[in-house]
$ cat my_file38.pdb   # PDB, C-alpha atoms
ATOM      1  CA  MET A   1      31.277  22.003  -4.036
ATOM      2  CA  SER A   2      30.425  19.051  -6.174
ATOM      3  CA  ALA A   3      28.845  19.136  -9.607
ATOM      4  CA  ALA A   4      25.665  17.621  -8.178
ATOM      5  CA  SER A   5      25.211  20.488  -5.734
ATOM      6  CA  ASN A   6      25.504  22.998  -8.596
ATOM      7  CA  SER A   7      23.184  21.174 -10.989
ATOM      8  CA  GLY A   8      19.916  22.585  -9.674
ATOM      9  CA  ALA A   9      18.320  19.148  -9.977
ATOM     10  CA  PRO A  10      15.869  18.280  -7.216
ATOM     11  CA  ALA A  11      16.959  15.763  -4.620
ATOM     12  CA  PRO A  12      15.738  12.228  -5.358
ATOM     13  CA  ILE A  13      12.600  11.138  -3.533
ATOM     14  CA  PRO A  14      13.344   8.274  -1.126
ATOM     15  CA  GLU A  15      11.585   5.022  -2.021
ATOM     16  CA  PHE A  16      10.691   2.186   0.360
ATOM     17  CA  ASP A  17       9.034  -1.210   0.177
ATOM     18  CA  ALA A  18       6.409  -0.042   2.671
ATOM     19  CA  VAL A  19       5.359   3.134   4.432
ATOM     20  CA  ILE A  20       3.538   2.986   7.747
ATOM     21  CA  LEU A  21       1.250   5.983   8.271
ATOM     22  CA  GLY A  22       0.548   7.417  11.701
ATOM     23  CA  ARG A  23       1.754   6.659  15.178
ATOM     24  CA  SER A  24      -0.184   4.003  17.034
ATOM     25  CA  PHE A  25       0.505   0.704  18.715
ATOM     26  CA  ALA A  26      -0.710  -1.056  15.548
ATOM     27  CA  SER A  27       1.580   0.981  13.301
ATOM     28  CA  GLN A  28       4.608   0.205  15.480
ATOM     29  CA  ARG A  29       3.750  -3.515  15.453
ATOM     30  CA  ALA A  30       3.276  -3.412  11.663
ATOM     31  CA  ALA A  31       6.659  -1.739  11.133
ATOM     32  CA  GLY A  32       8.393  -4.324  13.325
ATOM     33  CA  ARG A  33       6.746  -7.312  11.648
ATOM     34  CA  LEU A  34       7.448  -6.051   8.112
ATOM     35  CA  ARG A  35      11.095  -5.416   8.985
ATOM     36  CA  ASP A  36      11.685  -8.578  11.017
ATOM     37  CA  ASP A  37       9.434 -11.143   9.301
ATOM     38  CA  LEU A  38       9.708  -9.995   5.665
ATOM     39  CA  ARG A  39      12.934  -7.949   5.686
ATOM     40  CA  LEU A  40      11.269  -5.000   3.934
ATOM     41  CA  SER A  41      12.600  -1.458   3.899
ATOM     42  CA  VAL A  42      10.036   0.419   5.997
ATOM     43  CA  CYS A  43       9.522   4.116   6.620
ATOM     44  CA  GLU A  44       7.282   5.312   9.436
ATOM     45  CA  LEU A  45       5.610   8.613   8.541
ATOM     46  CA  VAL A  46       3.765  10.700  11.076
ATOM     47  CA  SER A  47       4.027  14.060   9.335
ATOM     48  CA  ALA A  48       2.429  13.142   5.982
ATOM     49  CA  THR A  49      -0.716  15.089   5.141
ATOM     50  CA  SER A  50      -1.908  12.899   2.243
ATOM     51  CA  ALA A  51      -1.061   9.900   0.097
ATOM     52  CA  THR A  52      -1.940   9.246  -3.550
ATOM     53  CA  TYR A  53      -1.575   6.198  -5.760
ATOM     54  CA  ASP A  54       0.427   6.704  -8.972
ATOM     55  CA  ASP A  55      -1.006   4.383 -11.644
ATOM     56  CA  ILE A  56       1.907   5.027 -13.997
ATOM     57  CA  ASP A  57       4.675   3.899 -11.629
ATOM     58  CA  ASN A  58       2.426   1.688  -9.460
ATOM     59  CA  ARG A  59       3.655   3.351  -6.296
ATOM     60  CA  TRP A  60       2.137   5.362  -3.459
ATOM     61  CA  GLU A  61       3.389   8.922  -3.051
ATOM     62  CA  PHE A  62       3.318  10.580   0.372
ATOM     63  CA  HIS A  63       2.928  14.334   0.685
ATOM     64  CA  VAL A  64       3.484  17.104   3.176
ATOM     65  CA  GLY A  65       1.463  19.893   1.652
ATOM     66  CA  ARG A  66       2.191  19.786  -2.078
ATOM     67  CA  PHE A  67       5.640  18.199  -1.767
ATOM     68  CA  VAL A  68       6.262  14.459  -2.256
ATOM     69  CA  ILE A  69       8.442  13.268   0.627
ATOM     70  CA  ALA A  70       8.540   9.490  -0.007
ATOM     71  CA  ARG A  71       7.330   6.725  -2.326
ATOM     72  CA  ALA A  72       6.523   3.070  -1.598
ATOM     73  CA  LYS A  73       5.002  -0.060  -3.072
ATOM     74  CA  PHE A  74       2.848  -0.767   0.006
ATOM     75  CA  VAL A  75       1.093   1.535   2.431
ATOM     76  CA  ILE A  76      -0.070   0.425   5.849
ATOM     77  CA  ASP A  77      -2.514   2.914   7.336
ATOM     78  CA  GLY A  78      -1.699   2.724  11.020
ATOM     79  CA  ASP A  79      -4.258   5.141  12.414
ATOM     80  CA  GLY A  80      -6.662   6.271   9.688
ATOM     81  CA  THR A  81      -6.036  10.006  10.017
ATOM     82  CA  ILE A  82      -4.160  10.737   6.766
ATOM     83  CA  HIS A  83      -6.149  11.502   3.596
ATOM     84  CA  LEU A  84      -5.730   8.678   1.052
ATOM     85  CA  LEU A  85      -6.534   9.082  -2.653
ATOM     86  CA  GLY A  86      -6.639   5.834  -4.617
ATOM     87  CA  ARG A  87      -7.296   5.117  -8.285
ATOM     88  CA  GLU A  88     -10.960   6.045  -8.222
ATOM     89  CA  ALA A  89     -13.222   8.255  -6.144
ATOM     90  CA  THR A  90     -14.121   5.254  -4.009
ATOM     91  CA  ALA A  91     -14.816   5.382  -0.292
ATOM     92  CA  ILE A  92     -12.932   3.055   2.009
ATOM     93  CA  ASP A  93     -14.990   0.610   4.064
ATOM     94  CA  PRO A  94     -13.741   1.320   7.601
ATOM     95  CA  ALA A  95     -14.194  -2.334   8.631
ATOM     96  CA  ALA A  96     -12.088  -3.797   5.774
ATOM     97  CA  VAL A  97      -8.321  -4.342   5.769
ATOM     98  CA  THR A  98      -8.128  -3.759   1.979
ATOM     99  CA  ALA A  99     -10.205  -1.521  -0.305
ATOM    100  CA  HIS A 100     -11.247  -1.528  -3.961
ATOM    101  CA  GLY A 101      -9.598   1.384  -5.785
ATOM    102  CA  PHE A 102      -6.704   1.501  -3.315
ATOM    103  CA  PRO A 103      -3.974  -0.877  -4.570
ATOM    104  CA  ASN A 104      -1.409  -2.219  -2.103
ATOM    105  CA  LEU A 105      -3.161  -0.529   0.837
ATOM    106  CA  PHE A 106      -3.620  -2.370   4.116
ATOM    107  CA  ARG A 107      -5.532  -0.941   7.072
ATOM    108  CA  PRO A 108      -4.925  -3.126  10.145
ATOM    109  CA  VAL A 109      -6.608  -0.702  12.595
ATOM    110  CA  GLY A 110     -10.301  -0.848  13.478
ATOM    111  CA  THR A 111     -11.257  -3.629  11.087
ATOM    112  CA  ASP A 112     -13.615  -6.554  11.530
ATOM    113  CA  ARG A 113     -10.800  -9.108  11.000
ATOM    114  CA  ILE A 114      -9.467 -10.831  14.123
ATOM    115  CA  ASP A 115      -5.753 -10.655  13.204
ATOM    116  CA  SER A 116      -5.625  -7.904  10.596
ATOM    117  CA  LEU A 117      -1.898  -7.333  11.080
ATOM    118  CA  GLY A 118      -1.192 -11.050  10.598
ATOM    119  CA  TYR A 119      -3.395 -10.958   7.478
ATOM    120  CA  THR A 120      -1.421  -7.980   6.135
ATOM    121  CA  VAL A 121       1.967  -9.644   6.673
ATOM    122  CA  ALA A 122       0.756 -12.999   5.280
ATOM    123  CA  CYS A 123      -0.682 -11.331   2.183
ATOM    124  CA  ILE A 124       2.529  -9.427   1.418
ATOM    125  CA  GLU A 125       4.518 -12.626   1.998
ATOM    126  CA  TYR A 126       2.147 -14.491  -0.381
ATOM    127  CA  MET A 127       2.703 -11.781  -2.988
ATOM    128  CA  ARG A 128       6.471 -12.065  -2.658
ATOM    129  CA  THR A 129       6.358 -15.876  -2.913
ATOM    130  CA  HIS A 130       4.188 -15.783  -6.051
ATOM    131  CA  GLY A 131       5.929 -12.847  -7.782
ATOM    132  CA  HIS A 132       3.044 -10.362  -7.436
ATOM    133  CA  ASP A 133       3.581  -6.659  -6.868
ATOM    134  CA  TYR A 134      -0.039  -5.494  -6.935
ATOM    135  CA  VAL A 135      -3.075  -6.348  -4.818
ATOM    136  CA  GLU A 136      -6.522  -4.801  -4.585
ATOM    137  CA  ARG A 137      -9.852  -5.840  -3.086
ATOM    138  CA  ARG A 138     -12.303  -7.143  -5.676
ATOM    139  CA  LEU A 139     -15.724  -5.566  -5.989
ATOM    140  CA  ARG A 140     -17.284  -9.016  -5.669
ATOM    141  CA  THR A 141     -15.692 -12.069  -4.124
ATOM    142  CA  PRO A 142     -15.933 -15.026  -6.500
ATOM    143  CA  VAL A 143     -16.559 -18.522  -5.295
ATOM    144  CA  ALA A 144     -13.004 -19.804  -5.214
ATOM    145  CA  ASP A 145     -10.733 -21.960  -3.157
ATOM    146  CA  ASP A 146      -7.565 -19.888  -3.472
ATOM    147  CA  ASP A 147      -5.807 -18.316  -0.489
ATOM    148  CA  TYR A 148      -7.230 -14.813  -0.974
ATOM    149  CA  PRO A 149     -10.456 -14.957  -3.036
ATOM    150  CA  GLU A 150     -11.420 -11.426  -1.981
ATOM    151  CA  LEU A 151      -8.267  -9.979  -3.591
ATOM    152  CA  SER A 152      -7.103  -9.460  -7.164
ATOM    153  CA  PHE A 153      -3.383  -9.600  -7.876
ATOM    154  CA  ASP A 154      -3.738  -8.338 -11.472
ATOM    155  CA  ARG A 155      -3.648  -4.680 -12.401
ATOM    156  CA  PRO A 156      -6.813  -3.478 -14.127
ATOM    157  CA  THR A 157      -6.574  -2.728 -17.841
ATOM    158  CA  PRO A 158      -6.170   1.037 -18.259
ATOM    159  CA  VAL A 159      -9.232   2.722 -19.796
ATOM    160  CA  MET A 160      -7.164   4.075 -22.680
ATOM    161  CA  TRP A 161      -6.331   0.484 -23.728
ATOM    162  CA  VAL A 162      -9.946  -0.717 -23.803
ATOM    163  CA  GLY A 163     -11.250  -0.460 -27.315
TER     164      GLY A 163
END
$ encode --input "my_file38.pdb" --output "structure tokens"
Amino acid sequence: MSAASNSGAPAPIPEFDAVILGRSFASQRAAGRLRDDLRLSVCELVSATSATYDDIDNRWEFHVGRFVIARAKFVIDGDGTIHLLGREATAIDPAAVTAHGFPNLFRPVGTDRIDSLGYTVACIEYMRTHGHDYVERRLRTPVADDDYPELSFDRPTPVMWVG
């Protein structure tokens, strides 16, 4: 036996660039595109019961019951059946690919966008190119000529820091 097996410390939680939730044609396409086009480490989870966003570490945590089974920077909701808990008690617009209060969440299934999977991959690629690690839908889209005016790439200022 090794010292690690005797330590009683919990096993480390695996961390990925992206987690694909659910099993659907869209989720399989998303996993393939993220692996092939962007070379991301991707985990496909079918057994997760919920996902929550951790504002401290800026990562999504995926649960089976009360246990965290994986962590990731991005979550792609492939079928819409897993309970998602973002930063605020905000409802997700079922027709939108991104949602306010749900950082780094993309929902390419059942949206009103023609190529929602292409949008998801292009947005993550844009983030990588420009050094961003956070994206969230704005409450209001400003009049702007940038590539993604509906999205904010800046983390909100935590309430405890606002004076």
$ resolve_selection --input "my_file38.pdb" --expression "the PyMOL selection byres ((chain A and resi 51) around 7)" --output "list in words"
Ser50, Thr52, Tyr53, Trp60, Glu61, Phe62, His63, His83, Leu84 and Leu85 of chain A
$ atom_distance --input "my_file38.pdb" --atom1 "atom CA of Asp146 of chain A" --atom2 "atom CA of Arg128 of chain A"
16.1 Å
$ resolve_selection --input "my_file38.pdb" --expression "the PyMOL selection byres ((chain A and resi 131-141) around 9)" --output "PyMOL selection string"
chain A and resi 58+73-74+98-105+123-124+126-130+142-144+149-155
$ write_last_selection --input "my_file38.pdb" --atoms "C-alpha atoms" --output "PDB file, in the coordinates of the input"
ATOM      1  CA  ASN A  58       2.426   1.688  -9.460  1.00  0.00           C
ATOM      2  CA  LYS A  73       5.002  -0.060  -3.072  1.00  0.00           C
ATOM      3  CA  PHE A  74       2.848  -0.767   0.006  1.00  0.00           C
ATOM      4  CA  THR A  98      -8.128  -3.759   1.979  1.00  0.00           C
ATOM      5  CA  ALA A  99     -10.205  -1.521  -0.305  1.00  0.00           C
ATOM      6  CA  HIS A 100     -11.247  -1.528  -3.961  1.00  0.00           C
ATOM      7  CA  GLY A 101      -9.598   1.384  -5.785  1.00  0.00           C
ATOM      8  CA  PHE A 102      -6.704   1.501  -3.315  1.00  0.00           C
ATOM      9  CA  PRO A 103      -3.974  -0.877  -4.570  1.00  0.00           C
ATOM     10  CA  ASN A 104      -1.409  -2.219  -2.103  1.00  0.00           C
ATOM     11  CA  LEU A 105      -3.161  -0.529   0.837  1.00  0.00           C
ATOM     12  CA  CYS A 123      -0.682 -11.331   2.183  1.00  0.00           C
ATOM     13  CA  ILE A 124       2.529  -9.427   1.418  1.00  0.00           C
ATOM     14  CA  TYR A 126       2.147 -14.491  -0.381  1.00  0.00           C
ATOM     15  CA  MET A 127       2.703 -11.781  -2.988  1.00  0.00           C
ATOM     16  CA  ARG A 128       6.471 -12.065  -2.658  1.00  0.00           C
ATOM     17  CA  THR A 129       6.358 -15.876  -2.913  1.00  0.00           C
ATOM     18  CA  HIS A 130       4.188 -15.783  -6.051  1.00  0.00           C
ATOM     19  CA  PRO A 142     -15.933 -15.026  -6.500  1.00  0.00           C
ATOM     20  CA  VAL A 143     -16.559 -18.522  -5.295  1.00  0.00           C
ATOM     21  CA  ALA A 144     -13.004 -19.804  -5.214  1.00  0.00           C
ATOM     22  CA  PRO A 149     -10.456 -14.957  -3.036  1.00  0.00           C
ATOM     23  CA  GLU A 150     -11.420 -11.426  -1.981  1.00  0.00           C
ATOM     24  CA  LEU A 151      -8.267  -9.979  -3.591  1.00  0.00           C
ATOM     25  CA  SER A 152      -7.103  -9.460  -7.164  1.00  0.00           C
ATOM     26  CA  PHE A 153      -3.383  -9.600  -7.876  1.00  0.00           C
ATOM     27  CA  ASP A 154      -3.738  -8.338 -11.472  1.00  0.00           C
ATOM     28  CA  ARG A 155      -3.648  -4.680 -12.401  1.00  0.00           C
TER      29      ARG A 155
END
$ resolve_selection --input "my_file38.pdb" --expression "the PyMOL selection byres ((chain A and resi 44) around 8)" --output "list of chain:residue names"
A:Val19, A:Ile20, A:Leu21, A:Gly22, A:Ala31, A:Val42, A:Cys43, A:Leu45, A:Val46
$ residues_around --input "my_file38.pdb" --residues "segment 111-116 of chain A" --least-positions-apart "5" --cutoff "8 Å" --atoms "all atoms listed in the file" --output "number ranges by chain"
A: 94-97
$ atom_distance --input "my_file38.pdb" --atom1 "atom CA of Ser47 of chain A" --atom2 "atom CA of Gly110 of chain A"
21.1 Å
$ axis_aligned_box --input "my_file38.pdb" --around "segment 39-54 of chain A" --padding-each-side "5 Å" --output "lines of an AutoDock Vina configuration file"
center_x = 5.5
center_y = 3.6
center_z = 1.1
size_x = 24.9
size_y = 33.0
size_z = 30.0
$ closest_residue --input "my_file38.pdb" --among "A:Asp93, A:Asp79, A:Glu125, A:Asp145" --to "Ala26 of chain A" --atoms "only C-alpha atoms"
A:Asp79
$ atom_distance --input "my_file38.pdb" --atom1 "atom CA of Ser27 of chain A" --atom2 "atom CA of Arg71 of chain A"
17.6 Å
$ decode --input "my_file38.pdb" --residues "segment 10-51 of chain A" --atoms "N, CA and C atoms" --output "tab-separated table (two decimals), in the first residue's frame"
chain	number	residue	atom	x	y	z
A	10	PRO	N	-9.66	12.57	0.41
A	10	PRO	CA	-10.56	12.22	-0.69
A	10	PRO	C	-9.83	12.27	-2.03
A	11	ALA	N	-10.31	11.47	-2.95
A	11	ALA	CA	-9.72	11.46	-4.30
A	11	ALA	C	-9.96	12.82	-4.94
A	12	PRO	N	-9.01	13.29	-5.74
A	12	PRO	CA	-9.21	14.59	-6.41
A	12	PRO	C	-10.38	14.51	-7.39
A	13	ILE	N	-11.06	15.63	-7.55
A	13	ILE	CA	-12.19	15.71	-8.47
A	13	ILE	C	-11.64	16.01	-9.85
A	14	PRO	N	-11.97	15.19	-10.85
A	14	PRO	CA	-11.45	15.44	-12.20
A	14	PRO	C	-11.97	16.78	-12.74
A	15	GLU	N	-11.08	17.49	-13.44
A	15	GLU	CA	-11.44	18.79	-14.00
A	15	GLU	C	-11.19	18.78	-15.51
A	16	PHE	N	-12.14	19.37	-16.25
A	16	PHE	CA	-12.10	19.39	-17.71
A	16	PHE	C	-12.27	20.82	-18.20
A	17	ASP	N	-11.92	21.03	-19.48
A	17	ASP	CA	-12.22	22.32	-20.10
A	17	ASP	C	-13.73	22.47	-20.25
A	18	ALA	N	-14.38	21.40	-20.70
A	18	ALA	CA	-15.83	21.45	-20.94
A	18	ALA	C	-16.49	20.14	-20.56
A	19	VAL	N	-17.72	20.25	-20.06
A	19	VAL	CA	-18.54	19.08	-19.80
A	19	VAL	C	-19.78	19.19	-20.65
A	20	ILE	N	-20.10	18.12	-21.34
A	20	ILE	CA	-21.31	18.03	-22.16
A	20	ILE	C	-22.33	17.25	-21.34
A	21	LEU	N	-23.49	17.84	-21.10
A	21	LEU	CA	-24.53	17.19	-20.31
A	21	LEU	C	-25.54	16.51	-21.22
A	22	GLY	N	-25.91	15.28	-20.86
A	22	GLY	CA	-26.96	14.57	-21.58
A	22	GLY	C	-26.43	13.77	-22.75
A	23	ARG	N	-27.34	12.98	-23.31
A	23	ARG	CA	-26.99	12.19	-24.48
A	23	ARG	C	-28.01	12.49	-25.57
A	24	SER	N	-27.56	13.22	-26.56
A	24	SER	CA	-28.40	13.56	-27.70
A	24	SER	C	-27.47	13.70	-28.90
A	25	PHE	N	-28.07	13.80	-30.06
A	25	PHE	CA	-27.27	14.02	-31.27
A	25	PHE	C	-26.48	15.33	-31.13
A	26	ALA	N	-27.13	16.36	-30.60
A	26	ALA	CA	-26.46	17.66	-30.43
A	26	ALA	C	-25.30	17.56	-29.45
A	27	SER	N	-25.47	16.82	-28.37
A	27	SER	CA	-24.38	16.71	-27.40
A	27	SER	C	-23.19	15.95	-27.99
A	28	GLN	N	-23.46	14.92	-28.78
A	28	GLN	CA	-22.36	14.19	-29.42
A	28	GLN	C	-21.63	15.07	-30.43
A	29	ARG	N	-22.38	15.86	-31.20
A	29	ARG	CA	-21.75	16.79	-32.15
A	29	ARG	C	-20.92	17.83	-31.42
A	30	ALA	N	-21.46	18.36	-30.30
A	30	ALA	CA	-20.73	19.37	-29.52
A	30	ALA	C	-19.42	18.79	-28.99
A	31	ALA	N	-19.47	17.59	-28.44
A	31	ALA	CA	-18.25	16.97	-27.91
A	31	ALA	C	-17.20	16.81	-29.01
A	32	GLY	N	-17.62	16.33	-30.17
A	32	GLY	CA	-16.69	16.16	-31.28
A	32	GLY	C	-16.08	17.46	-31.74
A	33	ARG	N	-16.89	18.49	-31.90
A	33	ARG	CA	-16.38	19.79	-32.36
A	33	ARG	C	-15.43	20.41	-31.35
A	34	LEU	N	-15.75	20.33	-30.06
A	34	LEU	CA	-14.88	20.92	-29.04
A	34	LEU	C	-13.55	20.19	-28.97
A	35	ARG	N	-13.59	18.87	-29.14
A	35	ARG	CA	-12.33	18.10	-29.14
A	35	ARG	C	-11.53	18.35	-30.40
A	36	ASP	N	-12.19	18.25	-31.56
A	36	ASP	CA	-11.48	18.32	-32.84
A	36	ASP	C	-11.11	19.74	-33.24
A	37	ASP	N	-12.06	20.68	-33.13
A	37	ASP	CA	-11.81	22.05	-33.58
A	37	ASP	C	-10.99	22.86	-32.59
A	38	LEU	N	-11.25	22.69	-31.29
A	38	LEU	CA	-10.60	23.54	-30.28
A	38	LEU	C	-9.59	22.80	-29.40
A	39	ARG	N	-9.53	21.48	-29.54
A	39	ARG	CA	-8.60	20.66	-28.76
A	39	ARG	C	-8.81	20.82	-27.26
A	40	LEU	N	-10.07	20.84	-26.83
A	40	LEU	CA	-10.40	20.95	-25.42
A	40	LEU	C	-10.52	19.56	-24.80
A	41	SER	N	-10.24	19.48	-23.50
A	41	SER	CA	-10.52	18.24	-22.77
A	41	SER	C	-12.02	18.25	-22.46
A	42	VAL	N	-12.72	17.23	-22.91
A	42	VAL	CA	-14.18	17.19	-22.82
A	42	VAL	C	-14.62	15.93	-22.10
A	43	CYS	N	-15.58	16.09	-21.21
A	43	CYS	CA	-16.19	14.95	-20.52
A	43	CYS	C	-17.67	14.95	-20.87
A	44	GLU	N	-18.18	13.80	-21.26
A	44	GLU	CA	-19.60	13.67	-21.56
A	44	GLU	C	-20.27	13.00	-20.37
A	45	LEU	N	-21.19	13.73	-19.72
A	45	LEU	CA	-21.86	13.22	-18.53
A	45	LEU	C	-23.34	12.96	-18.82
A	46	VAL	N	-23.75	11.76	-18.57
A	46	VAL	CA	-25.15	11.40	-18.72
A	46	VAL	C	-25.78	11.20	-17.34
A	47	SER	N	-24.96	10.80	-16.38
A	47	SER	CA	-25.47	10.43	-15.06
A	47	SER	C	-25.60	11.59	-14.08
A	48	ALA	N	-25.14	12.78	-14.42
A	48	ALA	CA	-25.22	13.91	-13.48
A	48	ALA	C	-26.67	14.24	-13.17
A	49	THR	N	-26.91	14.60	-11.91
A	49	THR	CA	-28.27	14.98	-11.50
A	49	THR	C	-28.44	16.49	-11.40
A	50	SER	N	-27.31	17.22	-11.22
A	50	SER	CA	-27.39	18.68	-11.16
A	50	SER	C	-26.02	19.27	-11.44
A	51	ALA	N	-26.01	20.57	-11.70
A	51	ALA	CA	-24.77	21.30	-11.92
A	51	ALA	C	-24.91	22.68	-11.28
